[in-house]
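**Student:** Here you go, this is upload_31.cif (mmCIF, C-alpha atoms and all ligand atoms).
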```
data_data
loop_
_atom_site.group_PDB
_atom_site.id
_atom_site.type_symbol
_atom_site.label_atom_id
_atom_site.label_comp_id
_atom_site.auth_asym_id
_atom_site.auth_seq_id
_atom_site.Cartn_x
_atom_site.Cartn_y
_atom_site.Cartn_z
ATOM 1 C CA MET A 1 -105.239 232.082 90.512
ATOM 2 C CA SER A 2 -108.170 232.643 92.770
ATOM 3 C CA ASN A 3 -108.757 234.571 95.938
ATOM 4 C CA THR A 4 -110.527 232.775 98.712
ATOM 5 C CA PRO A 5 -113.118 235.027 100.333
ATOM 6 C CA ASP A 6 -112.768 235.768 104.042
ATOM 7 C CA ASN A 7 -114.054 232.887 106.134
ATOM 8 C CA ALA A 8 -114.272 230.436 103.269
ATOM 9 C CA ILE A 9 -113.585 226.876 104.352
ATOM 10 C CA PRO A 10 -110.136 226.097 103.023
ATOM 11 C CA ALA A 11 -110.173 223.412 100.382
ATOM 12 C CA SER A 12 -107.426 221.861 98.314
ATOM 13 C CA PRO A 13 -105.039 223.366 97.110
ATOM 14 C CA VAL A 14 -104.981 225.405 100.328
ATOM 15 C CA ILE A 15 -102.479 224.146 102.896
ATOM 16 C CA PRO A 16 -104.610 224.070 106.067
ATOM 17 C CA VAL A 17 -102.014 225.608 108.373
ATOM 18 C CA GLN A 18 -102.682 229.107 109.624
ATOM 19 C CA LEU A 19 -99.669 231.417 109.524
ATOM 20 C CA ALA A 20 -99.024 234.674 111.366
ATOM 21 C CA LEU A 21 -97.004 237.649 110.116
ATOM 22 C CA ASP A 22 -93.745 236.307 111.587
ATOM 23 C CA ASP A 23 -94.161 232.787 110.245
ATOM 24 C CA LYS A 24 -91.937 231.765 107.354
ATOM 25 C CA PHE A 25 -92.793 230.026 104.118
ATOM 26 C CA GLN A 26 -90.833 229.017 101.018
ATOM 27 C CA PHE A 27 -91.816 230.665 97.750
ATOM 28 C CA ARG A 28 -90.520 232.895 94.984
ATOM 29 C CA CYS A 29 -92.121 234.085 91.777
ATOM 30 C CA HIS A 30 -90.000 235.699 89.049
ATOM 31 C CA LYS A 31 -90.033 236.384 85.332
ATOM 32 C CA GLY A 32 -87.593 233.609 84.443
ATOM 33 C CA ILE A 33 -89.640 230.805 86.010
ATOM 34 C CA ALA A 34 -91.057 228.152 83.659
ATOM 35 C CA CYS A 35 -94.631 228.658 84.868
ATOM 36 C CA PHE A 36 -94.558 232.440 84.372
ATOM 37 C CA ASN A 37 -98.144 233.749 84.142
ATOM 38 C CA LYS A 38 -99.709 230.277 84.378
ATOM 39 C CA CYS A 39 -101.574 231.549 87.440
ATOM 40 C CA CYS A 40 -103.211 234.306 85.350
ATOM 41 C CA GLU A 41 -104.726 231.801 82.913
ATOM 42 C CA ASN A 42 -107.333 230.405 85.302
ATOM 43 C CA ILE A 43 -108.548 233.197 87.536
ATOM 44 C CA ASP A 44 -111.431 233.792 89.922
ATOM 45 C CA ILE A 45 -110.608 237.157 91.460
ATOM 46 C CA LEU A 46 -112.915 239.127 93.723
ATOM 47 C CA LEU A 47 -112.225 242.838 93.407
ATOM 48 C CA THR A 48 -112.027 245.081 96.456
ATOM 49 C CA PRO A 49 -112.943 248.790 96.406
ATOM 50 C CA TYR A 50 -109.295 249.897 96.350
ATOM 51 C CA ASP A 51 -108.529 247.462 93.491
ATOM 52 C CA ILE A 52 -111.209 249.179 91.438
ATOM 53 C CA LEU A 53 -109.985 252.659 92.322
ATOM 54 C CA ARG A 54 -106.403 251.828 91.294
ATOM 55 C CA LEU A 55 -107.389 250.087 88.066
ATOM 56 C CA LYS A 56 -109.925 252.641 86.869
ATOM 57 C CA ASN A 57 -107.367 255.419 87.462
ATOM 58 C CA ARG A 58 -104.750 253.440 85.553
ATOM 59 C CA PHE A 59 -107.081 253.158 82.569
ATOM 60 C CA GLY A 60 -108.185 256.789 82.897
ATOM 61 C CA MET A 61 -111.810 255.663 83.098
ATOM 62 C CA SER A 62 -114.750 256.516 85.284
ATOM 63 C CA ALA A 63 -115.557 253.816 87.827
ATOM 64 C CA ARG A 64 -118.744 253.015 85.901
ATOM 65 C CA GLU A 65 -116.830 252.546 82.629
ATOM 66 C CA PHE A 66 -114.313 250.293 84.359
ATOM 67 C CA ILE A 67 -117.059 248.229 85.988
ATOM 68 C CA ASP A 68 -118.827 247.765 82.651
ATOM 69 C CA GLN A 69 -115.708 246.763 80.717
ATOM 70 C CA TYR A 70 -113.560 244.894 83.214
ATOM 71 C CA THR A 71 -115.794 243.194 85.761
ATOM 72 C CA VAL A 72 -118.596 240.656 86.130
ATOM 73 C CA ASP A 73 -121.258 240.690 88.863
ATOM 74 C CA PHE A 74 -121.726 238.029 91.482
ATOM 75 C CA GLU A 75 -123.661 237.739 94.737
ATOM 76 C CA MET A 76 -121.453 237.740 97.843
ATOM 77 C CA ASP A 77 -123.990 236.076 100.123
ATOM 78 C CA GLY A 78 -127.548 234.829 100.106
ATOM 79 C CA HIS A 79 -128.902 238.368 100.517
ATOM 80 C CA ASP A 80 -128.055 239.949 97.172
ATOM 81 C CA MET A 81 -124.888 241.682 98.467
ATOM 82 C CA PRO A 82 -123.297 242.757 95.187
ATOM 83 C CA GLY A 83 -119.756 241.681 94.420
ATOM 84 C CA LEU A 84 -117.519 242.194 91.393
ATOM 85 C CA LYS A 85 -114.967 239.826 89.890
ATOM 86 C CA LEU A 86 -112.245 240.601 87.399
ATOM 87 C CA ARG A 87 -113.393 239.749 83.878
ATOM 88 C CA THR A 88 -111.689 237.037 81.840
ATOM 89 C CA LYS A 89 -111.032 236.918 78.115
ATOM 90 C CA GLU A 90 -113.966 235.629 76.098
ATOM 91 C CA ASP A 91 -114.703 231.900 76.434
ATOM 92 C CA SER A 92 -111.763 231.328 78.766
ATOM 93 C CA ALA A 93 -110.589 231.759 82.346
ATOM 94 C CA VAL A 94 -107.600 233.862 81.208
ATOM 95 C CA CYS A 95 -107.365 237.253 82.923
ATOM 96 C CA ILE A 96 -108.412 240.144 80.703
ATOM 97 C CA ASN A 97 -105.227 241.978 81.730
ATOM 98 C CA LEU A 98 -102.813 239.230 80.704
ATOM 99 C CA MET A 99 -100.599 240.329 77.788
ATOM 100 C CA PRO A 100 -97.997 238.243 75.915
ATOM 101 C CA GLU A 101 -95.248 239.947 77.953
ATOM 102 C CA GLY A 102 -97.029 239.458 81.310
ATOM 103 C CA CYS A 103 -99.468 241.359 83.490
ATOM 104 C CA GLY A 104 -100.605 244.522 81.720
ATOM 105 C CA VAL A 105 -101.458 246.310 84.972
ATOM 106 C CA TYR A 106 -98.656 245.010 87.186
ATOM 107 C CA SER A 107 -98.096 248.082 89.389
ATOM 108 C CA ASP A 108 -101.865 248.368 89.919
ATOM 109 C CA ARG A 109 -102.700 244.658 90.058
ATOM 110 C CA PRO A 110 -105.454 243.665 92.510
ATOM 111 C CA ALA A 111 -104.773 242.628 96.099
ATOM 112 C CA ALA A 112 -105.544 238.965 95.294
ATOM 113 C CA CYS A 113 -102.769 238.920 92.670
ATOM 114 C CA ARG A 114 -100.362 240.469 95.165
ATOM 115 C CA TYR A 115 -101.220 237.915 97.840
ATOM 116 C CA TYR A 116 -100.835 234.828 95.678
ATOM 117 C CA ALA A 117 -99.485 232.219 96.664
ATOM 118 C CA LEU A 118 -100.754 233.303 100.070
ATOM 119 C CA GLY A 119 -104.389 233.539 101.091
ATOM 120 C CA LEU A 120 -105.931 235.727 103.778
ATOM 121 C CA VAL A 121 -108.550 234.699 106.288
ATOM 122 C CA SER A 122 -110.172 237.146 108.752
ATOM 123 C CA MET A 123 -111.944 235.827 111.808
ATOM 124 C CA ARG A 124 -113.526 237.307 114.895
ATOM 125 C CA LYS A 125 -113.342 235.192 118.029
ATOM 126 C CA LYS A 126 -116.549 234.771 120.021
ATOM 127 C CA ASP A 127 -117.095 237.839 122.271
ATOM 128 C CA SER A 128 -114.169 239.684 120.675
ATOM 129 C CA PRO A 129 -114.892 243.080 119.067
ATOM 130 C CA ALA A 130 -111.991 242.913 116.588
ATOM 131 C CA GLU A 131 -111.248 240.442 113.852
ATOM 132 C CA GLU A 132 -107.859 238.767 113.464
ATOM 133 C CA ASP A 133 -106.080 238.081 110.206
ATOM 134 C CA GLY A 134 -104.441 234.766 109.444
ATOM 135 C CA TYR A 135 -102.656 233.561 106.325
ATOM 136 C CA PHE A 136 -102.346 230.267 104.522
ATOM 137 C CA VAL A 137 -100.296 228.955 101.620
ATOM 138 C CA VAL A 138 -102.054 228.067 98.360
ATOM 139 C CA ARG A 139 -100.148 225.360 96.508
ATOM 140 C CA GLU A 140 -101.413 224.720 92.999
ATOM 141 C CA ALA A 141 -99.854 222.068 90.756
ATOM 142 C CA HIS A 142 -98.929 224.490 87.970
ATOM 143 C CA CYS A 143 -97.081 226.871 90.314
ATOM 144 C CA LEU A 144 -93.363 226.115 90.510
ATOM 145 C CA GLY A 145 -92.613 228.993 92.874
ATOM 146 C CA HIS A 146 -92.889 226.709 95.911
ATOM 147 C CA ALA A 147 -89.748 224.849 94.801
ATOM 148 C CA GLU A 148 -87.642 228.012 94.607
ATOM 149 C CA PRO A 149 -85.100 228.225 97.452
ATOM 150 C CA VAL A 150 -86.323 231.482 98.994
ATOM 151 C CA VAL A 151 -87.742 231.630 102.494
ATOM 152 C CA GLN A 152 -89.418 234.755 103.889
ATOM 153 C CA THR A 153 -91.897 235.711 106.570
ATOM 154 C CA VAL A 154 -95.495 236.471 105.692
ATOM 155 C CA GLY A 155 -94.873 240.079 106.751
ATOM 156 C CA GLU A 156 -91.863 240.425 104.429
ATOM 157 C CA TYR A 157 -93.820 238.942 101.525
ATOM 158 C CA ARG A 158 -96.761 241.281 102.135
ATOM 159 C CA ARG A 159 -94.425 244.297 102.144
ATOM 160 C CA ASP A 160 -92.640 243.165 98.945
ATOM 161 C CA GLN A 161 -95.962 242.752 97.186
ATOM 162 C CA GLY A 162 -97.408 246.086 98.353
ATOM 163 C CA VAL A 163 -100.329 244.397 100.081
ATOM 164 C CA ASP A 164 -100.164 246.503 103.254
ATOM 165 C CA GLU A 165 -101.541 249.618 101.553
ATOM 166 C CA TYR A 166 -104.445 247.677 100.015
ATOM 167 C CA ASP A 167 -105.371 245.995 103.284
ATOM 168 C CA GLU A 168 -105.145 249.225 105.271
ATOM 169 C CA ILE A 169 -107.515 251.034 102.884
ATOM 170 C CA ASN A 170 -109.926 248.092 102.475
ATOM 171 C CA ARG A 171 -109.935 247.128 106.162
ATOM 172 C CA GLU A 172 -113.298 248.584 107.141
ATOM 173 C CA TRP A 173 -114.914 247.245 103.974
ATOM 174 C CA ARG A 174 -113.715 243.741 104.823
ATOM 175 C CA GLN A 175 -115.174 244.255 108.301
ATOM 176 C CA VAL A 176 -118.537 245.072 106.723
ATOM 177 C CA ILE A 177 -118.447 241.893 104.612
ATOM 178 C CA LEU A 178 -117.326 239.761 107.552
ATOM 179 C CA LYS A 179 -119.972 241.178 109.862
ATOM 180 C CA LYS A 180 -122.713 240.782 107.291
ATOM 181 C CA ARG A 181 -121.704 237.154 106.678
ATOM 182 C CA SER A 182 -121.362 236.220 110.340
ATOM 183 C CA ALA A 183 -124.604 238.002 111.315
ATOM 184 C CA GLY A 184 -126.468 236.059 108.605
ATOM 185 C CA PRO A 185 -130.233 236.528 108.734
ATOM 186 C CA THR A 186 -130.147 238.106 112.231
ATOM 187 C CA ILE A 187 -129.728 241.583 110.767
ATOM 188 C CA GLY A 188 -132.283 240.829 108.119
ATOM 189 C CA LYS A 189 -132.153 241.328 104.418
ATOM 190 C CA PRO A 190 -130.912 244.825 103.555
ATOM 191 C CA SER A 191 -133.384 247.021 101.676
ATOM 192 C CA GLN A 192 -132.910 247.538 97.964
ATOM 193 C CA ARG A 193 -131.750 251.112 98.678
ATOM 194 C CA SER A 194 -129.134 249.865 101.192
ATOM 195 C CA LEU A 195 -127.807 247.422 98.595
ATOM 196 C CA GLU A 196 -127.606 250.216 96.031
ATOM 197 C CA LEU A 197 -125.677 252.354 98.513
ATOM 198 C CA PHE A 198 -123.388 249.400 99.213
ATOM 199 C CA PHE A 199 -122.608 249.157 95.489
ATOM 200 C CA LEU A 200 -122.092 252.902 95.157
ATOM 201 C CA ALA A 201 -119.802 253.263 98.200
ATOM 202 C CA SER A 202 -117.862 250.068 97.457
ATOM 203 C CA TYR A 203 -117.325 250.198 93.713
ATOM 204 C CA ASP A 204 -118.595 253.332 92.000
ATOM 205 C CA ILE A 205 -116.417 256.007 93.602
ATOM 206 C CA ASP A 206 -117.417 258.660 91.045
ATOM 207 C CA GLY A 207 -121.115 258.060 91.631
ATOM 208 C CA PHE A 208 -120.513 258.056 95.380
ATOM 209 C CA ARG A 209 -118.671 261.396 95.170
ATOM 210 C CA GLU A 210 -121.677 262.934 93.376
ATOM 211 C CA PHE A 211 -123.962 261.447 95.995
ATOM 212 C CA VAL A 212 -121.957 262.921 98.899
ATOM 213 C CA ALA A 213 -121.929 266.318 97.149
ATOM 214 C CA SER A 214 -125.704 266.239 96.551
ATOM 215 C CA PRO A 215 -128.257 268.391 98.429
ATOM 216 C CA GLY A 216 -130.089 265.206 99.506
ATOM 217 C CA PHE A 217 -126.980 264.085 101.404
ATOM 218 C CA ASP A 218 -126.686 267.484 103.110
ATOM 219 C CA GLU A 219 -130.281 267.226 104.201
ATOM 220 C CA VAL A 220 -129.491 264.103 106.236
ATOM 221 C CA PHE A 221 -125.861 264.317 107.398
ATOM 222 C CA GLU A 222 -124.096 266.965 109.461
ATOM 223 C CA LEU A 223 -120.634 267.173 107.890
ATOM 224 C CA ASP A 224 -118.018 269.819 108.578
ATOM 225 C CA THR A 225 -117.626 271.871 105.356
ATOM 226 C CA ARG A 226 -113.850 271.419 105.249
ATOM 227 C CA PHE A 227 -114.113 267.670 105.819
ATOM 228 C CA LYS A 228 -116.661 267.412 103.032
ATOM 229 C CA GLN A 229 -114.346 269.313 100.674
ATOM 230 C CA GLU A 230 -111.536 266.907 101.536
ATOM 231 C CA LEU A 231 -113.819 263.978 100.797
ATOM 232 C CA VAL A 232 -114.759 265.126 97.328
ATOM 233 C CA GLN A 233 -111.100 265.830 96.494
ATOM 234 C CA ASP A 234 -109.489 262.706 97.927
ATOM 235 C CA ASP A 235 -110.683 259.338 96.631
ATOM 236 C CA VAL A 236 -109.061 257.271 99.384
ATOM 237 C CA LYS A 237 -110.630 259.426 102.119
ATOM 238 C CA LEU A 238 -113.933 259.167 100.289
ATOM 239 C CA LEU A 239 -113.665 255.361 100.105
ATOM 240 C CA LYS A 240 -112.967 255.111 103.834
ATOM 241 C CA PHE A 241 -115.839 257.475 104.607
ATOM 242 C CA GLY A 242 -118.083 255.258 102.458
ATOM 243 C CA PHE A 243 -117.182 252.222 104.562
ATOM 244 C CA ARG A 244 -118.144 254.113 107.745
ATOM 245 C CA LEU A 245 -121.424 255.078 106.115
ATOM 246 C CA LEU A 246 -122.096 251.434 105.238
ATOM 247 C CA LYS A 247 -121.472 250.379 108.853
ATOM 248 C CA GLN A 248 -123.942 253.030 109.980
ATOM 249 C CA ILE A 249 -126.586 252.064 107.432
ATOM 250 C CA LEU A 250 -126.246 248.289 107.700
ATOM 251 C CA PHE A 251 -125.410 247.819 111.377
ATOM 252 C CA GLY A 252 -126.421 251.060 113.129
ATOM 253 C CA GLU A 253 -122.793 251.872 114.067
ATOM 254 C CA HIS A 254 -123.175 255.641 114.307
ATOM 255 C CA THR A 255 -120.008 257.585 113.529
ATOM 256 C CA ILE A 256 -121.480 260.175 111.155
ATOM 257 C CA ALA A 257 -123.682 262.843 112.732
ATOM 258 C CA LEU A 258 -127.232 263.191 111.444
ATOM 259 C CA LYS A 259 -129.030 266.490 111.068
ATOM 260 C CA ALA A 260 -131.426 266.789 113.982
ATOM 261 C CA ASP A 261 -134.409 267.542 111.776
ATOM 262 C CA ALA A 262 -133.632 265.044 108.999
ATOM 263 C CA ALA A 263 -136.401 262.598 109.868
ATOM 264 C CA GLN A 264 -138.890 265.431 110.495
ATOM 265 C CA LYS A 265 -138.135 266.876 107.057
ATOM 266 C CA ARG A 266 -138.906 263.542 105.518
ATOM 267 C CA VAL A 267 -142.304 263.566 107.265
ATOM 268 C CA GLU A 268 -142.945 267.088 105.954
ATOM 269 C CA ARG A 269 -142.199 265.889 102.433
ATOM 270 C CA TYR A 270 -144.564 263.014 103.033
ATOM 271 C CA LYS A 271 -147.249 265.362 104.326
ATOM 272 C CA GLN A 272 -147.105 267.358 101.136
ATOM 273 C CA ARG A 273 -148.134 264.237 99.306
ATOM 274 C CA LYS A 274 -150.967 263.184 101.645
ATOM 275 C CA LEU A 275 -152.845 264.650 104.596
ATOM 276 C CA LEU A 276 -151.880 262.941 107.885
ATOM 277 C CA SER A 277 -153.855 262.713 111.167
ATOM 278 C CA PRO A 278 -151.907 263.429 114.453
ATOM 279 C CA SER A 279 -151.598 259.700 115.263
ATOM 280 C CA ASP A 280 -150.453 259.080 111.706
ATOM 281 C CA LYS A 281 -147.810 261.769 112.242
ATOM 282 C CA ALA A 282 -146.237 260.014 115.257
ATOM 283 C CA GLU A 283 -146.226 256.734 113.417
ATOM 284 C CA GLU A 284 -144.809 258.337 110.313
ATOM 285 C CA LEU A 285 -142.045 260.033 112.337
ATOM 286 C CA ALA A 286 -140.942 256.666 113.737
ATOM 287 C CA ASP A 287 -141.153 255.153 110.298
ATOM 288 C CA ALA A 288 -139.179 258.079 108.877
ATOM 289 C CA GLN A 289 -136.340 257.462 111.364
ATOM 290 C CA ASP A 290 -136.162 253.851 110.180
ATOM 291 C CA LYS A 291 -136.317 254.716 106.532
ATOM 292 C CA LEU A 292 -134.078 257.744 106.590
ATOM 293 C CA TYR A 293 -131.111 256.022 105.019
ATOM 294 C CA GLU A 294 -133.258 254.260 102.499
ATOM 295 C CA SER A 295 -134.498 257.650 101.288
ATOM 296 C CA LEU A 296 -131.007 259.010 100.662
ATOM 297 C CA GLY A 297 -130.678 260.316 97.169
ATOM 298 C CA ASP A 298 -134.411 260.006 96.441
HETATM 299 S S1 LIG A 301 -94.465 230.919 90.254
HETATM 300 FE FE1 LIG A 301 -96.650 230.667 90.659
HETATM 301 S S2 LIG A 301 -97.307 232.769 90.995
HETATM 302 FE FE2 LIG A 301 -95.357 232.888 89.903
HETATM 303 S S3 LIG A 301 -95.852 232.916 87.725
HETATM 304 FE FE3 LIG A 301 -95.547 230.780 88.279
HETATM 305 S S4 LIG A 301 -97.631 230.086 88.712
HETATM 306 FE FE4 LIG A 301 -97.689 232.299 88.831
HETATM 307 S S1 LIG A 302 -104.330 241.370 86.969
HETATM 308 FE FE1 LIG A 302 -102.287 240.801 86.258
HETATM 309 S S2 LIG A 302 -101.434 239.547 87.918
HETATM 310 FE FE2 LIG A 302 -103.643 239.625 88.221
HETATM 311 S S3 LIG A 302 -104.442 237.804 87.199
HETATM 312 FE FE3 LIG A 302 -104.526 239.508 85.744
HETATM 313 S S4 LIG A 302 -102.658 239.399 84.560
HETATM 314 FE FE4 LIG A 302 -102.376 238.148 86.415
#
```
Let's see the structure in the file written out as structure tokens.
Ligand code: SF4
Ligand code: SF4
**Tutor:**
Amino acid sequence: MSNTPDNAIPASPVIPVQLALDDKFQFRCHKGIACFNKCCENIDILLTPYDILRLKNRFGMSAREFIDQYTVDFEMDGHDMPGLKLRTKEDSAVCINLMPEGCGVYSDRPAACRYYALGLVSMRKKDSPAEEDGYFVVREAHCLGHAEPVVQTVGEYRRDQGVDEYDEINREWRQVILKKRSAGPTIGKPSQRSLELFFLASYDIDGFREFVASPGFDEVFELDTRFKQELVQDDVKLLKFGFRLLKQILFGEHTIALKADAAQKRVERYKQRKLLSPSDKAEELADAQDKLYESLGD
């Protein structure tokens, strides 16, 4: 079982026919089928932020502990964008969560497991502000579910599998990935600090919560006190806020108010370290605006 990243060029075993929510396809997976769990023995599963939240809560772990024990790193593009894949059992491609009786995390299984044997592709048409989702069938030789006499729409299958909730929560994160990929080098290589913030907001929800609660964050962002309290108490709200922050940091899409004097304060900090001339000050102020996000958490 593998999940094809957004915008990947479909290759065999993908059936190259794009389906919409109302389109029907034939498929059924159930415990009694001869191939039961075959799809979990050869996995390549990219984890989304909500996958990690659900799984780390299931195991009663911190996000960091889950990441260390259950994931492997990979680079999502040519610019060091960090991605995480679900770990496999040693020296094999068998999912680490596969037990003799089946999936050991079934009610919290990742979105890719829920989608299979469907794949998702998100695309933005030229000059269109919003991306559109399309679906395709993945037909692998070992999977006998395609021969089962059950026909359903894509929408019905998504609802049965509980995918809607995952996609709704991850939506803005997928937009970030899609935009970063389609922009390519035009938005430049993100700074090391931006990449660290991407990792924190995407995968390490506990570290991100601490970051949002920190004085350094308050120094830069103007957040309503009640909203901030809600964020630190509600992981899903915090995840979604993190995706907005990433859009602001990576693409300049401003939805989170900045403190008016945030950049000036950075200059003052700078001035304490070295004496600046007036022309230096103007230059440093401009530079401080640019580097404000990079300084977060310093
Ligand atoms: S029918 Fe396909 S998805 Fe279901 S257990 Fe078999 S291989 Fe996996
Ligand atoms: S998480 Fe569960 S459903 Fe997904 S690949 Fe692993 S064992 Fe299979």
**Student:** As a quick test: using only C-alpha atoms and all ligand atoms, which residues lie no more than 12 Å away from ligand LIG 302 (chain A)? Give them as an MDAnalysis selection string.
**Tutor:** chainID A and resid 1:3 29 36:47 51:52 54:55 70:71 85:89 93:117 161
**Student:** Using the chain letters and numbers from this file, what does the PyMOL selection byres (((chain A and resi 140-153) around 8) and not hetatm) select? Give the answer as a list in words.
**Tutor:**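 Checking the PyMOL selection byres (((chain A and resi 140-153) around 8) and not hetatm) against this file, the residues are Pro13, Leu21, Asp22, Asp23, Lys24, Phe25, Gln26, Phe27, Arg28, Cys29, Ile33, Ala34, Cys35, Lys38, Cys39, Val138, Arg139, Val154, Gly155, Glu156 and Tyr157 of chain A.
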**Student:** I'd like the residues picked by the PyMOL selection byres (((chain A and resi 245) around 12) and not hetatm) written out as a PyMOL selection string, using the chain letters and numbers from the file.
**Tutor:** chain A and resi 172-173+176+194+197-198+200-202+208+212+217+221+238-244+246-258+293+296
**Student:** Can you tell me, as AutoDock Vina command-line options, the centre and edge lengths (Å, one decimal) of the axis-aligned box enclosing all of ligand LIG 301 (chain A)'s listed atoms after padding each side by 3 Å?
**Tutor:**
```
--center_x -96.1 --center_y 231.5 --center_z 89.4 --size_x 9.2 --size_y 8.8 --size_z 9.3
```
**Student:** Quick one: pull the distance between CA of Glu222 (chain A) and CA of Arg193 (chain A), Å, one decimal.
**Tutor:**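 One can read the CA of Glu222 (chain A) to CA of Arg193 (chain A) distance as 20.6 Å.
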**Student:** I need the residue nearest ligand LIG 301 (chain A) from this list: A:Met61, A:Leu118, A:Glu196, A:Glu90. Use only C-alpha atoms and all ligand atoms for the distance.
**Tutor:**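 Looking only at the distances to ligand LIG 301 (chain A), the closest residue turns out to be A:Leu118.
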**Student:** Just how far from CA of Arg124 (chain A) is CA of Ser182 (chain A), in Å to one decimal?
**Tutor:**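 Result for CA of Ser182 (chain A) versus CA of Arg124 (chain A): 9.1 Å, one decimal.
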**Student:** Might you pull out every residue within 10 Å of Phe227 (chain A), with all atoms listed in the file counted and same-chain residues fewer than 5 positions away left off, and present them as a list in words?
**Tutor:**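 These residues fall inside the cut-off: Val232, Gln233 and Lys237 of chain A.
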**Student:** Mind pulling up the distance from CA of Gln192 (chain A) to CA of Pro215 (chain A)?
**Tutor:**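 Value for the CA of Pro215 (chain A)-CA of Gln192 (chain A) distance: 21.4 Å.
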**Student:** Show which residues sit within 8 Å of Tyr203 (chain A), as number ranges by chain. Count all atoms listed in the file, and ignore same-chain residues fewer than 5 positions away.
**Tutor:** A: 48-49, 52-53, 63, 67
**Student:** Mind dumping the selected residues with C-alpha atoms as a PDB file, in the coordinates of the input?
**Tutor:**
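Saved to part_0.pdb:
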```pdb
ATOM      1  CA  THR A  48    -112.027 245.081  96.456  1.00  0.00           C
ATOM      2  CA  PRO A  49    -112.943 248.790  96.406  1.00  0.00           C
ATOM      3  CA  ILE A  52    -111.209 249.179  91.438  1.00  0.00           C
ATOM      4  CA  LEU A  53    -109.985 252.659  92.322  1.00  0.00           C
ATOM      5  CA  ALA A  63    -115.557 253.816  87.827  1.00  0.00           C
ATOM      6  CA  ILE A  67    -117.059 248.229  85.988  1.00  0.00           C
TER       7      ILE A  67
END
```
**Student:** Would you please work out which residue, of A:Met123, A:Val137, A:Glu131, A:Asp224, is nearest to ligand LIG 301 (chain A) when using only C-alpha atoms and all ligand atoms?
**Tutor:**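 Looking only at the distances to ligand LIG 301 (chain A), the closest residue turns out to be A:Val137.
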**Student:** Tell me, as a ChimeraX atom specification, which residues lie within 12 Å of Asp133 (chain A), counting only C-alpha atoms; anything in the same chain fewer than 2 positions away does not count.
**Tutor:** /A:6-7,18-21,119-125,130-131,135-136,154-155,167,171,174-175,178
**Student:** Ranking A:Arg64, A:Arg158, A:Arg181, A:Lys56 by minimum distance to Asp80 (chain A) and counting all atoms listed in the file, which one comes first?
**Tutor:**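 Of A:Arg64, A:Arg158, A:Arg181, A:Lys56, the one nearest Asp80 (chain A) is A:Arg181, counting all atoms listed in the file.
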**Student:** Would you save region 192-203 of chain A from the block above with N, CA and C atoms, as a CSV table (one decimal), in the first residue's frame?
**Tutor:**
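Saved the output as selection28.csv:
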```csv
chain,number,residue,atom,x,y,z
A,192,GLN,N,16.4,28.1,6.9
A,192,GLN,CA,16.5,26.9,7.9
A,192,GLN,C,15.4,27.1,9.0
A,193,ARG,N,15.3,28.3,9.5
A,193,ARG,CA,14.3,28.6,10.5
A,193,ARG,C,12.9,28.3,10.0
A,194,SER,N,12.6,28.7,8.8
A,194,SER,CA,11.2,28.4,8.2
A,194,SER,C,11.0,26.9,8.1
A,195,LEU,N,12.0,26.2,7.7
A,195,LEU,CA,11.9,24.7,7.6
A,195,LEU,C,11.6,24.1,9.0
A,196,GLU,N,12.3,24.7,10.0
A,196,GLU,CA,12.1,24.1,11.4
A,196,GLU,C,10.7,24.4,11.8
A,197,LEU,N,10.2,25.6,11.5
A,197,LEU,CA,8.8,26.0,11.9
A,197,LEU,C,7.8,25.1,11.1
A,198,PHE,N,8.2,24.8,9.9
A,198,PHE,CA,7.3,23.9,9.1
A,198,PHE,C,7.2,22.5,9.8
A,199,PHE,N,8.4,22.0,10.3
A,199,PHE,CA,8.4,20.7,11.0
A,199,PHE,C,7.5,20.8,12.2
A,200,LEU,N,7.8,21.8,13.0
A,200,LEU,CA,7.1,22.0,14.3
A,200,LEU,C,5.6,22.1,14.1
A,201,ALA,N,5.1,23.0,13.2
A,201,ALA,CA,3.7,23.2,13.0
A,201,ALA,C,3.0,22.0,12.4
A,202,SER,N,3.8,21.2,11.5
A,202,SER,CA,3.2,20.1,10.8
A,202,SER,C,3.1,18.8,11.6
A,203,TYR,N,4.2,18.6,12.4
A,203,TYR,CA,4.4,17.2,13.0
A,203,TYR,C,4.5,17.2,14.5
```
